[in-house]
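*Asks:* Quick one: this structure, given as structure tokens, is what I'll be asking you about.
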Protein chains: 4
Amino acid sequence: MFKDKPREACGVAGVYGAPEASKLVYLMLYAMQHRGQEGAGIVVANDRGFDAVRNTGLVADIFNADNLAAMAGVSAIGHVRYSTTGSSVEKNAQPIMVGYSRGNLAVAHNGNLVNADEIHRELEEYGSIFQTTADTEVLIHLIARSAEDDFLDALTDSLKKLKGAYSLVLLTDDSLIAVRDPQGFRPLALGKIKDAYVAASETCAFDLIGAEYIRDIEPGEIVIIDRKGMRSRRFAEKNTGEALCIFENIYFSRPDSWIFGHSCWESRRRLGIMLARENKHAADIVVPVPDSGVCAAIGFAEESRLPFAMALIRNHYVGRTFIEPSQSIRDFGVRLKFNCVREAVKGKRVIVVDDSLVRGTTSRKIVSMIRQAGAREIHMRLSSPPVKYPCFYGMDFPTRRELIAANHDLGQIAEFLQVDSVAYLSREGMLKAMPNHEGNFCQACFNGDYPVDFKNRQEISGRDVKEKQVSRKRITQI
Amino acid sequence: MFKDKPREACGVAGVYGAPEASKLVYLMLYAMQHRGQEGAGIVVANDRGFDAVRNTGLVADIFNADNLAAMAGVSAIGHVRYSTTGSSVEKNAQPIMVGYSRGNLAVAHNGNLVNADEIHRELEEYGSIFQTTADTEVLIHLIARSAEDDFLDALTDSLKKLKGAYSLVLLTDDSLIAVRDPQGFRPLALGKIKDAYVAASETCAFDLIGAEYIRDIEPGEIVIIDRKGMRSRRFAEKNTGEALCIFENIYFSRPDSWIFGHSCWESRRRLGIMLARENKHAADIVVPVPDSGVCAAIGFAEESRLPFAMALIRNHYVGRTFIEPSQSIRDFGVRLKFNCVREAVKGKRVIVVDDSLVRGTTSRKIVSMIRQAGAREIHMRLSSPPVKYPCFYGMDFPTRRELIAANHDLGQIAEFLQVDSVAYLSREGMLKAMPNHEGNFCQACFNGDYPVDFKNRQEISGRDVKEKQVSRKRITQI
Amino acid sequence: MFKDKPREACGVAGVYGAPEASKLVYLMLYAMQHRGQEGAGIVVANDRGFDAVRNTGLVADIFNADNLAAMAGVSAIGHVRYSTTGSSVEKNAQPIMVGYSRGNLAVAHNGNLVNADEIHRELEEYGSIFQTTADTEVLIHLIARSAEDDFLDALTDSLKKLKGAYSLVLLTDDSLIAVRDPQGFRPLALGKIKDAYVAASETCAFDLIGAEYIRDIEPGEIVIIDRKGMRSRRFAEKNTGEALCIFENIYFSRPDSWIFGHSCWESRRRLGIMLARENKHAADIVVPVPDSGVCAAIGFAEESRLPFAMALIRNHYVGRTFIEPSQSIRDFGVRLKFNCVREAVKGKRVIVVDDSLVRGTTSRKIVSMIRQAGAREIHMRLSSPPVKYPCFYGMDFPTRRELIAANHDLGQIAEFLQVDSVAYLSREGMLKAMPNHEGNFCQACFNGDYPVDFKNRQEISGRDVKEKQVSRKRITQI
Amino acid sequence: MFKDKPREACGVAGVYGAPEASKLVYLMLYAMQHRGQEGAGIVVANDRGFDAVRNTGLVADIFNADNLAAMAGVSAIGHVRYSTTGSSVEKNAQPIMVGYSRGNLAVAHNGNLVNADEIHRELEEYGSIFQTTADTEVLIHLIARSAEDDFLDALTDSLKKLKGAYSLVLLTDDSLIAVRDPQGFRPLALGKIKDAYVAASETCAFDLIGAEYIRDIEPGEIVIIDRKGMRSRRFAEKNTGEALCIFENIYFSRPDSWIFGHSCWESRRRLGIMLARENKHAADIVVPVPDSGVCAAIGFAEESRLPFAMALIRNHYVGRTFIEPSQSIRDFGVRLKFNCVREAVKGKRVIVVDDSLVRGTTSRKIVSMIRQAGAREIHMRLSSPPVKYPCFYGMDFPTRRELIAANHDLGQIAEFLQVDSVAYLSREGMLKAMPNHEGNFCQACFNGDYPVDFKNRQEISGRDVKEKQVSRKRITQI
């Protein structure tokens with residue numbers, strides 16, 4: 001993953017009714033590792049209560065035959081957490097797991113609340129204590145304090161107080177619950193494997209375990225799965241303004257996943273086609289930035305009838321710690337990840353396709369590498385519009401100051417990247433590329449039109465809201 | 001440590017005002033490793049908030065140069081946790097660390113509350129959520145919900161609601177606080193190193209870092225250390241019935257510690273002297289069970305004018321996982337820890353001295369080993385009275401059913417152990433041996449006289465109270 | 001890597017004249033990790049003698065800041081070892097490192113000798129002892145026993161006795177030496193970084209550290225680098241029958257490497273073009289098996305004017321241990337590595353391009369996955385001729401019995417794979433695709449024409465020679 | 001272990017005829033961990049050849065259920081290696097394991113040859129290569145080059161060429177062999193467990209697995225164990241001048257072992273008794289330096305009728321890496337290991353008993369600790385004569401320059417240690433204390449009378465021989 005790429009907050013998964021539920025969750029997290037490499041956790045329900053394994057690191061390193069075997073039970077939920085700058089710092093381990101008046105409760109959350117701080121403060125004033133700074137904990141407190149007798153009523157009641165993006169899986173002593181916020185920012189799919197139900201952020205998790213995709217959890221819907229089977233209730237009216245995160249389609253999800261009911265792969269290919277239509281340019285080859293630009297580049301090459309060339313070779317072993325010579329000879333960061341095939345680009349006019357441009361620093365290094373390999377011309381094409389605004393619903397964009405498109409015009413960007421030309425896909429083109437282009441997408445990062453209101457709104461244009469969000473007491477566990 | 005030995009709940013340590021506070025806490029925990037081998041944790045306060053490292057395992061394995069360096073700050077607290085049956089299961093990691101209305105708060109707790117379940121239930125009814133089943137979390141909720149404006153008032157208020165044993169160190173954003181329950185069950189000492197204050201369960205922690213012992217925290221006292229220095233307040237009247245755990249003197253503390261203001265080494269030696277006075281028997285040598293019986297055996301040998309012989313050799317590398325042949329040839333458990341020197345005991349009448357007898361199973365194996373080594377007679381002598389009642393204040397005794405002295409007379413015990421005679425120290429002798437024998441000790445494990453009342457009192461004679469205590473929702477993290 | 005793919009024996013690297021030589025070797029091994037994931041090792045020369053770190057596992061896991069820093073010195077060599085079935089078994093750790101009459105000597109070897117057993121037996125008869133079963137050790141014994149006074153004479157003398165494939169880097173107390181066998185089976189390139197010389201199996205290793213490629217070590221050449229600079233001598237006549245391993249071009253090397261003086265990427269693309277020319281078939285899309293089939297598929301798509309579709313998505317986190325549910329629901333092996341994008345193949349006639357077919361078992365699973373995803377037709381195209389004969393020069397092919405093309409005709413293979421058609425590139429087409437098609441390639445795996453003679457020749461058609469090679473005393477270190 | 005204590009080269013163990021032989025060897029190494037903490041290894045023979053696990057670290061860390069289970073076989077040998085200064089440096093891993101003309105051979109060696117360099121050089125001249133600098137490898141080369149047809153003849157032949165100390169266990173494809181040098185410097189015992197034979201440096205290894213001690217391997221004897229049972233042959237005349245290492249009795253062996261056919265515990269107790277007889281001094285208590293001084297202190301206390309006091313408390317968790325505050329407050333090294341009980345020594349005249357004095361630096365720190373604890377007088381008593389000469393047969397003494405007794409008289413030593421008096425046991429007293437005082441002990445470290453001649457003899461008085469021994473090519477594996 002690129003450092004200056006948007007990164008989304010996490011992936012979630014849940015199973016109800018399968019022996020070795022924790023192993024199925026483990027496999028689903030494995031398939032969704034791209035949604036978070038910082039840490040992962042699984043909570044399982046069994047006769048003795050809840051068991052959990054949560055840690056920093058990759059899924060394959062955290063879980064092993066021993067601890068998975070120790071987590072017996074037929075229902076479980078799990079979580080992968082996105083990568084922050086901090087290395088060995090365990091921060092806000094999920095799923096969060098508590099005991100309270102109704103029994104045990106565990107929650108895994110994907111998204112970002114915009115009024116969490118507000119509720120957090122209110123709860124503290126009433127005497128609540130917080131073990132994390134995660135939005136999830138706010139929800140649990142609301143449930144615990146709810147005046148409603150019934151758990152589902154308490155949950156409904158609490159969800160109504162939340163504003164922002166949240167796709168949740170909840171585990172109780174005897175049920176699995178899946179919830180998606182009224183705008184449906186983040187994806188959450190429902191599936192079946194034999195007699196068991198499964199839920200996951202992306203359908204690629206189902207494919208790995210051989211589960212069948214049924215449908216998405218709907219925005220504003222609560223799906224409850226327990227001994228009696230599956231049932232649904234709503235906590236928000238349908239179609240009150242969906243705001244599906246279009247960046248899931250553009251960049252974040254795995255291309256083999258269905259996102260918001262449609263193929264992500266197809267969406268990206270079509271983005272590439274639209275991009276080619278809008279930005280004709282004489283060239284010899286189309287080169288994707290792997291892996292984020294591959295699908296769009298394939299569409300681009302197809303549409304523009306130019307040869308597709310995998311000229312940037314990715315080193316598949318990157319990802320672990322790496323030791324540089326102290327008398328550092330060159331910029332290893334990018335070289336470690338990629339190498340450019342000279343023969344593929346030498347003397348050629350190269351179209352480089354990537355999905356988006358955030359800070360632009362990695363792209364600049366890649367361009368320099370292609371240039372050194374002998375390309376005659378380099379034209380950067382992005383399969384999405386310029387990212388100009390931060391995301392408050394879960395995408396880990398930097399502040400406006402750092403977003404290159406927020407402060408620079410095309411000419412300046414081309415100069416920064418040292419390319420012969422740079423072009424973005426238009427918003428219209430982007431929407432047309434979406435198979436469900438009637439879909440009501442959140443496009444706030446492109447146009448600043450935030451679908452869910454939040455305090456400090458005014459700060460967006462001024463200084464950045466992002467920093468605001470860490471004002472809660474910071475608690476870090478290494 | 002013997003499996004069937006009483007084990008106490010934990011050790012605590014704190015530092016205020018020293019650079020590299022976390023390293024000093026680490027060293028103090030290292031010195032108190034015997035108080036808990038299951039897990040350990042350190043929380044440090046700094047400009048960014050609180051940082052923590054908490055894990056299962058030994059102090060030397062959990063902490064390393066990297067994570068200690070990452071925990072910058074001049075005030076910190078730490079905790080070592082006693083060993084349960086579960087191996088890789090992280091349970092109730094301490095210090096507990098939360099954010100709440102007043103800022104950050106971390107607590108490390110040594111002891112056992114007798115009314116924690118009660119308060120826990122009440123808090124849950126009012127909507128509190130619990131991330132652990134630790135008594136400590138109850139206190140934090142009480143503080144957070146207290147109507148008092150001032151933190152110390154809220155703390156005082158909350159402590160008044162607790163019943164049972166607790167020696168606490170608390171860390172706030174700007175202070176270190178040390179508290180001992182009104183009965184003073186568990187030890188807690190105050191020290192100084194240069195300009196910094198330190199607190200620890202045992203003074204051996206001070207010796208390691210070169211800190212000077214000042215005095216004990218008094219029962220019912222709150223000691224606050226912050227920028228203004230050290231000050232004290234009381235939340236309970238002085239001398240309203242101290243109940244110092246006499247088992248700290250007999251077995252649990254390190255002999256080089258001062259416990260309750262007196263030398264543990266001296267107390268144990270005197271227990272051995274008293275034991276010898278009460279139980280004269282013709283013999284050739286005095287052999288201690290290492291390391292728990294060494295001090296008393298030295299006193300015994302001195303008083304009885306018999307040669308002291310270190311005939312049981314301890315393997316210093318025990319403590320890690322150990323793999324037996326599957327066609328197990330013999331009982332490795334004890335052999336791995338000890339070997340008996342044949343020449344030391346062959347043909348001799350041997351007095352074996354240990355501090356106490358709990359289940360008796362390990363002692364039985366040791367006796368068998370000495371017998372095989374050729375001892376002519378074996379006389380078991382215990383430097384404390386028969387343990388007949390469970391402990392509700394933190395010692396990890398088994399249930400009454402398993403306490404050998406609760407159900408057997410001396411003859412039966414001798415037969416079980418396969419010794420020629422067995423004798424205990426009398427309660428009078430024990431008290432006389434204590435340097436501060438005016439001290440008001442808790443002797444509940446010997447006489448069933450529990451100094452702090454608790455519900456279900458009646459169950460002691462009937463079935464055991466112990467199991468009751470896990471009725472709270474079980475939450476286990478591996 | 002596919003289980004049923006040919007795997008070659010190792011990669012080698014060397015540095016002379018650079019501070020932190022071991023770090024540069026580490027980086028080069030990192031770039032060549034694909035040549036061997038079983039284990040790796042580095043030996044460095046310094047004032048104190050030789051230091052080494054050798055272990056099983058991946059480069060990034062074996063080496064760390066500490067052990068690299070501990071290996072000071074300006075000259076070093078390294079080795080990555082191919083993956084065998086055995087997991088934690090350390091076998092024949094390289095570089096081999098010894099002391100003998102002339103001082104210290106370390107050798108890293110890529111290839112396979114065909115007369116190693118013979119020499120081994122002879123040496124043993126004369127009293128030599130062997131610590132490994134590696135071919136490399138044979139060479140070292142020959143050098144040590146050589147009657148020649150001068151080291152280079154002894155080396156030349158010894159090399160003349162070897163038959164088979166070997167690209168070697170040798171480290172002495174004061175020099176680095178690079179050698180390639182007279183047929184030049186395996187690649188070995190020479191480079192420069194500032195004033196230092198480097199050698200590596202593949203040029204992608206140079207790219208990572210920013211070294212400049214100078215030329216290949218020639219077949220039969222010894223290149224010596226020491227304080228006096230670089231010089232060359234030959235131990236075999238030039239052009240006495242080169243036999244460059246064509247499989248390096250087809251599959252084994254990284255596409256961004258130059259192999260035998262030409263771009264591997266370009267060779268593979270041309271193989272795809274030739275394949276398309278020879279095997280026209282009506283189809284809708286071209287899908288590569290990642291990553292081995294990507295370059296050829298790009299060429300194929302280009303030539304056949306069919307859309308290129310990256311429909312098999314690779315999971316980038318595969319490679320670590322993986323835990324299956326014990327009631328295994330499906331075949332996880334392949335699903336873990338790949339997922340097929342339904343939308344890309346549904347209802348389509350799909351050309352699947354891979355570089356070669358060995359056992360065919362993985363391909364069969366991939367085909368089944370594509371079929372389940374809804375492909376209408378599946379046509380398998382291989383960018384090399386049928387592999388019918390085992391390799392005795394380093395490629396880890398299975399025995400003839402297991403080579404699907406050795407025992408089945410096209411119809412049977414198509415049936416086994418469950419494809420609508422299967423077609424291979426012709427030998428003529430393959431040779432034409434090679435940029436240096438005048439090059440004298442070893443094609444033994446395709447036509448059974450082994451360029452270097454070996455004993456038991458007759459066994460090829462009868463039972464397999466492979467097993468023969470382990471007849472040497474087996475020594476395994478876990 | 002004290003840094004400035006003599007440390008001996010290793011412990012060895014072997015099993016023939018038991019299922020799970022590797023587990024029995026593991027347990028025996030575990031019991032002999034005190035003989036070497038640097039590293040350990042096990043080699044097992046089975047149908048497939050030899051398997052090995054060898055690494056740096058403690059026995060309990062190197063071996064686990066997995067790798068022990070992977071080492072199937074009914075015969076095995078093992079080795080623990082002494083601790084050098086280097087930390088993570090793997091040096092000369094034992095057992096050494098090779099293949100040669102007769103099959104497989106593995107050797108574990110305890111001791112030090114004095115003519116290894118000489119033979120090494122000769123062998124190199126004849127073309128031998130060496131993978132380690134271990135003496136053991138010299139022996140293996142001699143066996144491999146022997147003109148004798150029969151393995152035992154070749155072994156006998158080769159052993160005759162060795163000079164110095166060696167207790168060996170050898171493993172061949174079908175036998176276990178145990179050898180002791182003609183002088184019998186190092187111990188080696190033979191035992192039986194059910195139908196299997198075992199061999200070990202110390203009998204405490206037998207006790208752990210429940211094996212029965214039969215007898216010692218005799219100096220100059222070869223004991224062969226195979227399917228036909230146990231048989232013996234000699235390669236040197238009996239009683240041609242035994243030279244049993246008296247330091248095994250004084251310090252190195254575990255007190256519960258039988259060494260040279262007698263109880264080590266009893267020998268040490270008698271050394272203490274002799275010490276007390278020779279050095280009467282008015283005092284209040286006898287305090288041992290744990291654990292090396294305990295047995296002698298017990299004898300001393302018994303003989304002098306003074307109370308025995310375990311006033312130095314040992315921290316049982318020492319041994320792992322330890323992190324000091326960077327602004328180091330005090331000397332942690334000794335504090336981490338020991339703490340002195342104030343009450344035990346305050347105002348008292350203390351006799352401190354240790355087994356020997358090498359550099360004196362640790363003793364000096366201990367004395368200072370006792371002094372700070374309030375002792376009125378401190379009298380250091382050593383249960384052996386002054387160590388004045390280096391050991392060339394395996395004990396890891398420092399050079400003469402560093403041996404405090406080699407260059408200082410009693411007054412100077414007392415001043416260095418800051419004690420009121422210091423006294424050693426006389427050589428006569430020491431010999432009288434040995435149960436087999438007719439035994440022909442090597443006392444070279446006390447009197448410089450080296451029983452086995454070696455080159456460079458003259459250097460002892462001049463500069464030190466020690467450094468000489470590393471002149472062989474240094475090969476270090478991390």
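In the structure tokens, each chain is lettered A, B, ... as it comes, each chain's residues begin at 1, and ligands are numbered from 1 in order of appearance.
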Counting only C-alpha atoms, which residues of chain D sit at most 7 Å from some atom of chain C, and what is each one's closest atom pair with its distance in Å to one decimal, listed by chain and rising residue number, as a Markdown table?
*Replies:*
| residue | atom | partner | partner_atom | distance |
| --- | --- | --- | --- | --- |
| D:Arg48 | CA | C:Arg474 | CA | 6.9 |
| D:Gly49 | CA | C:Arg474 | CA | 5.3 |
| D:Phe50 | CA | C:Ile475 | CA | 5.4 |
| D:Asp51 | CA | C:Thr476 | CA | 4.9 |
| D:Ala52 | CA | C:Gln477 | CA | 4.4 |
| D:Val53 | CA | C:Ile478 | CA | 4.9 |
| D:Met97 | CA | C:Gln131 | CA | 6.3 |
| D:Val98 | CA | C:Gln131 | CA | 4.5 |
| D:Gly99 | CA | C:Phe130 | CA | 5.0 |
| D:Tyr100 | CA | C:Ile129 | CA | 4.7 |
| D:Ser101 | CA | C:Glu124 | CA | 4.8 |
| D:Gly103 | CA | C:Lys473 | CA | 6.5 |
| D:Asn104 | CA | C:Lys473 | CA | 6.7 |
| D:Glu124 | CA | C:Ser101 | CA | 4.7 |
| D:Glu125 | CA | C:Ser101 | CA | 5.8 |
| D:Tyr126 | CA | C:Arg145 | CA | 6.8 |
| D:Gly127 | CA | C:Arg145 | CA | 4.2 |
| D:Ser128 | CA | C:Ala144 | CA | 6.4 |
| D:Ile129 | CA | C:Tyr100 | CA | 4.7 |
| D:Phe130 | CA | C:Gly99 | CA | 4.9 |
| D:Gln131 | CA | C:Val98 | CA | 4.4 |
| D:His141 | CA | C:Ile129 | CA | 6.7 |
| D:Ala144 | CA | C:Gly127 | CA | 4.6 |
| D:Arg145 | CA | C:Gly127 | CA | 4.2 |
| D:Lys473 | CA | C:Gly99 | CA | 5.8 |
| D:Arg474 | CA | C:Gly49 | CA | 5.3 |
| D:Ile475 | CA | C:Phe50 | CA | 5.3 |
| D:Thr476 | CA | C:Asp51 | CA | 4.9 |
| D:Gln477 | CA | C:Ala52 | CA | 4.4 |
| D:Ile478 | CA | C:Val53 | CA | 4.9 |
*Asks:* Run DSSP on the backbone and grab whatever in region 209-440 of chain C lands in alpha helix (DSSP H); send it over as an MDAnalysis selection string.
*Replies:* chainID C and resid 209 246:247 264:278 294:304 332:337 342:345 361:372 404:407 410:417 427:433
*Asks:* With C-alpha atoms retained, export the selected residues as a PDB file, in the first residue's frame.
*Replies:*
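Saved file part10.pdb follows:
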ATOM      1  CA  ILE C 209      20.787  -1.161  -4.844  1.00  0.00           C
ATOM      2  CA  ILE C 246      15.945 -21.405 -21.472  1.00  0.00           C
ATOM      3  CA  PHE C 247      13.641 -21.922 -18.515  1.00  0.00           C
ATOM      4  CA  CYS C 264      13.573 -11.316 -19.683  1.00  0.00           C
ATOM      5  CA  TRP C 265      10.426  -9.202 -19.937  1.00  0.00           C
ATOM      6  CA  GLU C 266      10.883  -8.794 -23.656  1.00  0.00           C
ATOM      7  CA  SER C 267      11.571 -12.503 -24.155  1.00  0.00           C
ATOM      8  CA  ARG C 268       8.399 -13.448 -22.382  1.00  0.00           C
ATOM      9  CA  ARG C 269       6.300 -10.943 -24.243  1.00  0.00           C
ATOM     10  CA  ARG C 270       7.645 -12.361 -27.483  1.00  0.00           C
ATOM     11  CA  LEU C 271       6.895 -15.894 -26.329  1.00  0.00           C
ATOM     12  CA  GLY C 272       3.313 -14.701 -25.919  1.00  0.00           C
ATOM     13  CA  ILE C 273       3.317 -13.171 -29.393  1.00  0.00           C
ATOM     14  CA  MET C 274       4.675 -16.386 -30.930  1.00  0.00           C
ATOM     15  CA  LEU C 275       2.137 -18.402 -28.986  1.00  0.00           C
ATOM     16  CA  ALA C 276      -0.678 -16.245 -30.368  1.00  0.00           C
ATOM     17  CA  ARG C 277       0.636 -16.591 -33.884  1.00  0.00           C
ATOM     18  CA  GLU C 278       0.814 -20.359 -33.659  1.00  0.00           C
ATOM     19  CA  VAL C 294       1.472 -12.162 -17.162  1.00  0.00           C
ATOM     20  CA  CYS C 295       4.189 -11.150 -19.631  1.00  0.00           C
ATOM     21  CA  ALA C 296       3.293 -13.823 -22.170  1.00  0.00           C
ATOM     22  CA  ALA C 297      -0.395 -12.994 -21.828  1.00  0.00           C
ATOM     23  CA  ILE C 298       0.361  -9.358 -22.567  1.00  0.00           C
ATOM     24  CA  GLY C 299       2.135 -10.369 -25.737  1.00  0.00           C
ATOM     25  CA  PHE C 300      -0.620 -12.808 -26.603  1.00  0.00           C
ATOM     26  CA  ALA C 301      -3.324 -10.172 -26.169  1.00  0.00           C
ATOM     27  CA  GLU C 302      -1.362  -7.662 -28.185  1.00  0.00           C
ATOM     28  CA  GLU C 303      -0.792 -10.058 -31.055  1.00  0.00           C
ATOM     29  CA  SER C 304      -4.279 -11.528 -31.072  1.00  0.00           C
ATOM     30  CA  PHE C 332      -8.375 -23.740   0.316  1.00  0.00           C
ATOM     31  CA  GLY C 333      -4.964 -24.126  -1.240  1.00  0.00           C
ATOM     32  CA  VAL C 334      -5.769 -22.332  -4.455  1.00  0.00           C
ATOM     33  CA  ARG C 335      -8.473 -20.019  -3.108  1.00  0.00           C
ATOM     34  CA  LEU C 336      -5.969 -18.604  -0.686  1.00  0.00           C
ATOM     35  CA  LYS C 337      -3.718 -17.562  -3.518  1.00  0.00           C
ATOM     36  CA  ARG C 342     -16.818 -13.482 -12.112  1.00  0.00           C
ATOM     37  CA  GLU C 343     -17.731 -10.402 -14.152  1.00  0.00           C
ATOM     38  CA  ALA C 344     -14.508 -10.667 -16.104  1.00  0.00           C
ATOM     39  CA  VAL C 345     -15.140 -14.175 -17.380  1.00  0.00           C
ATOM     40  CA  THR C 361      -2.656 -30.078 -10.704  1.00  0.00           C
ATOM     41  CA  THR C 362      -2.675 -26.393  -9.832  1.00  0.00           C
ATOM     42  CA  SER C 363      -3.764 -25.446 -13.334  1.00  0.00           C
ATOM     43  CA  ARG C 364      -6.650 -27.870 -13.019  1.00  0.00           C
ATOM     44  CA  LYS C 365      -7.821 -26.101  -9.859  1.00  0.00           C
ATOM     45  CA  ILE C 366      -7.498 -22.705 -11.484  1.00  0.00           C
ATOM     46  CA  VAL C 367      -9.486 -23.883 -14.474  1.00  0.00           C
ATOM     47  CA  SER C 368     -12.196 -25.199 -12.186  1.00  0.00           C
ATOM     48  CA  MET C 369     -12.334 -21.811 -10.464  1.00  0.00           C
ATOM     49  CA  ILE C 370     -12.699 -19.997 -13.781  1.00  0.00           C
ATOM     50  CA  ARG C 371     -15.372 -22.453 -14.844  1.00  0.00           C
ATOM     51  CA  GLN C 372     -17.327 -21.863 -11.626  1.00  0.00           C
ATOM     52  CA  ILE C 404       2.003 -34.601 -17.295  1.00  0.00           C
ATOM     53  CA  ALA C 405       3.346 -34.015 -20.825  1.00  0.00           C
ATOM     54  CA  ALA C 406       5.733 -36.951 -20.555  1.00  0.00           C
ATOM     55  CA  ASN C 407       2.901 -39.424 -20.452  1.00  0.00           C
ATOM     56  CA  LEU C 410      -2.909 -33.074 -25.841  1.00  0.00           C
ATOM     57  CA  GLY C 411      -6.337 -34.659 -25.671  1.00  0.00           C
ATOM     58  CA  GLN C 412      -5.602 -36.349 -22.390  1.00  0.00           C
ATOM     59  CA  ILE C 413      -4.118 -33.170 -20.941  1.00  0.00           C
ATOM     60  CA  ALA C 414      -7.165 -31.165 -21.982  1.00  0.00           C
ATOM     61  CA  GLU C 415      -9.357 -33.741 -20.315  1.00  0.00           C
ATOM     62  CA  PHE C 416      -7.286 -33.706 -17.143  1.00  0.00           C
ATOM     63  CA  LEU C 417      -7.374 -29.918 -16.980  1.00  0.00           C
ATOM     64  CA  ARG C 427      10.166 -25.342 -29.943  1.00  0.00           C
ATOM     65  CA  GLU C 428      10.766 -23.371 -33.093  1.00  0.00           C
ATOM     66  CA  GLY C 429       8.441 -20.641 -31.899  1.00  0.00           C
ATOM     67  CA  MET C 430      10.157 -20.564 -28.559  1.00  0.00           C
ATOM     68  CA  LEU C 431      13.592 -20.177 -30.074  1.00  0.00           C
ATOM     69  CA  LYS C 432      12.390 -17.525 -32.453  1.00  0.00           C
ATOM     70  CA  ALA C 433      11.046 -15.551 -29.492  1.00  0.00           C
TER      71      ALA C 433
END
*Asks:* With only C-alpha atoms as the counted atoms, please give the residues lying no more than 7 Å from Lys23 (chain A), apart from itself and same-chain residues fewer than 3 positions off, as a PyMOL selection string.
*Replies:* (chain A and resi 20+26-27+68) or (chain C and resi 325)
*Asks:* Need the shell around Leu312 (chain B): protein/DNA/RNA residues with any atom at most 9 Å away, counting only C-alpha atoms. Skip same-chain ones fewer than 6 positions apart. Format as a list of chain:residue names?
*Replies:*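 That gives B:Val287, B:Pro288, B:Val289, B:Pro290, B:Phe338, B:Asn339, B:Cys340, B:Val341, B:Ile366, B:Ile370, D:Asp256.
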*Asks:* Excluding same-chain residues fewer than 2 positions from Tyr30 (chain B), what lies within 8 Å of it counting only C-alpha atoms, as a PyMOL selection string?
*Replies:* (chain B and resi 26-28+32-33+59-60+205) or (chain D and resi 317)
*Asks:* Which residues are near Asn46 (chain D)? Cut-off 8 Å, only C-alpha atoms, ignore same chain within fewer than 6 positions. Put them as a PyMOL selection string.
*Replies:* chain D and resi 72-75+173
*Asks:* DSSP on the backbone: what in region 221-360 of chain D comes out strand (DSSP E), as a ChimeraX atom specification?
*Replies:* /D:221-226,229-234,244-245,258-259,262-263,285-288,312-314,338-340,349-354
*Asks:* Quick one, how far is CA of Gly261 (chain A) from CA of Pro187 (chain A)?
*Replies:* 9.1 Å
*Asks:* Just the number, please: distance in Å from CA of Ala93 (chain A) to CA of Leu139 (chain A), one decimal.
*Replies:*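 CA of Leu139 (chain A) lies 15.5 Å from CA of Ala93 (chain A).
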